[in-house]
Amino acid sequence: VSSPVLWYATRATGLVAMLLLTATILLGIFTTARFHRPNWPRFAQQSLHRNVSLLTLAFVTVHVLTSVLDTYVHIGWSAIFVPFASHYRPFWVGLGSIALDLFLAVLISSVVRHWISARIWRGLHWLAYASWPVAIAHGIGTGTDAWRSWSTSLTLACVLAVIVSLVWRVSRPLTTVTAGGPSRIDR
Ligand code: HEM
């Protein structure tokens, strides 16, 4: 099938997925760094973080399905998970596959969290920090809209938001997430 509708859907869902992935990272940073208000308890933050990550997965799923189903360019089913297997722009689409693989590792490790050690879970969860910049590079490298001013502004806003939150996060006392929620590590 080759249809402009599929192509528009790929572009739109790609951008929304980037915004949602950024929101997921920000919520993760705030939850771990114990940023909470009396009227916004931590369990609400954690469940928002989880739900936004699932919404991200939903948009990424539509994004990859529409991009592969649109036969105007040949991407191929394997390229969804196998980096650089796409016939179309193998490098830039390959970055998308890597971002998706890393994101899935984070999600799956959270699903099986109670069966793996906290150390392994945390190590895998940190892959989120790798997934996000790779997804941003993928969007900039292959997006039709990437160099339009509104799209560049959105990407820049995402990058700035994550950098500022990370700086804020590392300037606070170190915390770690355990099954019962974040707990402090003494330096
Ligand atoms: C976490 C995973 C991913 C995220 C967050 C993401 C996000 C994005 C973004 C933001 C764009 C730019 C949209 C635009 O400006 O037009 C884009 C484009 C694109 N993505 Fe992804 N992507 C991901 C994974 C993938 C995967 C695995 C594939 C391949 C199977 C893929 C295929 C494409 C294609 C073909 C385009 C170019 C669409 C166009 O022609 O404009 N993406 N993606």
# chains A, B, ... in the order shown; residues from 1 in each chain; ligands from 1
call {"tool": "closest_atom_pairs", "arguments": {"of": "chain A", "to": "ligand 1", "cutoff": "7 Å", "atoms": "only C-alpha atoms and all ligand atoms", "output": "tab-separated table"}}
result
residue	atom	partner	partner_atom_place_in_ligand_line	distance
A:Trp7	CA	ligand 1	40 (O)	6.5
A:Thr10	CA	ligand 1	38 (C)	5.6
A:Arg11	CA	ligand 1	16 (O)	4.0
A:Ala12	CA	ligand 1	13 (C)	6.4
A:Gly14	CA	ligand 1	8 (C)	3.6
A:Leu15	CA	ligand 1	10 (C)	4.0
A:Ala17	CA	ligand 1	5 (C)	4.8
A:Met18	CA	ligand 1	5 (C)	4.4
A:Leu21	CA	ligand 1	5 (C)	6.4
A:Val60	CA	ligand 1	2 (C)	5.6
A:His63	CA	ligand 1	42 (N)	6.4
A:Val64	CA	ligand 1	30 (C)	4.6
A:Ser67	CA	ligand 1	35 (C)	5.1
A:Val68	CA	ligand 1	30 (C)	6.0
A:Ile75	CA	ligand 1	30 (C)	6.6
A:Ala79	CA	ligand 1	30 (C)	5.2
A:Ile80	CA	ligand 1	30 (C)	3.8
A:Phe81	CA	ligand 1	27 (C)	6.3
A:Val93	CA	ligand 1	32 (C)	5.3
A:Gly96	CA	ligand 1	24 (C)	3.7
A:Ser97	CA	ligand 1	27 (C)	3.8
A:Ala99	CA	ligand 1	1 (C)	4.7
A:Leu100	CA	ligand 1	1 (C)	4.2
A:Phe103	CA	ligand 1	1 (C)	6.3
A:Ser131	CA	ligand 1	1 (C)	6.9
A:Ala135	CA	ligand 1	5 (C)	4.8
A:Ile136	CA	ligand 1	10 (C)	6.5
A:His138	CA	ligand 1	43 (N)	6.1
A:Gly139	CA	ligand 1	11 (C)	3.7
A:Ile140	CA	ligand 1	12 (C)	6.4
A:Thr142	CA	ligand 1	37 (C)	5.0
A:Gly143	CA	ligand 1	14 (C)	3.5
A:Thr144	CA	ligand 1	41 (O)	3.7
A:Asp145	CA	ligand 1	15 (O)	3.8
A:Ala146	CA	ligand 1	15 (O)	4.2
A:Ser151	CA	ligand 1	15 (O)	6.6
call {"tool": "closest_atom_pairs", "arguments": {"of": "stretch 12-102 of chain A", "to": "stretch 107-123 of chain A", "cutoff": "12 Å", "atoms": "only C-alpha atoms", "output": "CSV"}}
result
residue,atom,partner,partner_atom,distance
A:Thr24,CA,A:Leu107,CA,11.5
A:Thr32,CA,A:Arg122,CA,11.4
A:His49,CA,A:Leu107,CA,11.6
A:Arg50,CA,A:Leu107,CA,9.1
A:Asn51,CA,A:Leu107,CA,11.3
A:Val52,CA,A:Leu107,CA,11.7
A:Ser53,CA,A:Leu107,CA,8.1
A:Leu54,CA,A:Leu107,CA,8.4
A:Leu55,CA,A:Leu107,CA,11.8
A:Thr56,CA,A:Leu107,CA,10.8
A:Leu57,CA,A:Leu107,CA,9.0
A:Leu100,CA,A:Leu107,CA,10.3
A:Asp101,CA,A:Leu107,CA,9.9
A:Leu102,CA,A:Leu107,CA,8.8
call {"tool": "atom_distance", "arguments": {"atom1": "atom CA of A:Ala23", "atom2": "atom CA of A:Pro83"}}
result
24.7 Å
call {"tool": "select_by_dssp", "arguments": {"residues": "chain A", "states": "helix (DSSP H, G or I)", "output": "ChimeraX atom specification"}}
result
/A:4-32,42-69,77-80,90-111,113-115,118-125,128-142,149-170
call {"tool": "closest_residue", "arguments": {"among": "A:Arg42, A:Trp77, A:Tyr129, A:Asp70", "to": "A:Leu166", "atoms": "only C-alpha atoms"}}
result
A:Tyr129
call {"tool": "atom_distance", "arguments": {"atom1": "atom CA of A:His125", "atom2": "atom CA of A:Phe43"}}
result
18.3 Å
call {"tool": "closest_residue", "arguments": {"among": "A:Val106, A:Val82, A:Leu65, A:Val16", "to": "A:Ala130", "atoms": "only C-alpha atoms"}}
result
A:Val106
call {"tool": "closest_residue", "arguments": {"among": "A:Leu124, A:Leu69, A:Val170, A:Ala58", "to": "A:Leu20", "atoms": "only C-alpha atoms"}}
result
A:Ala58
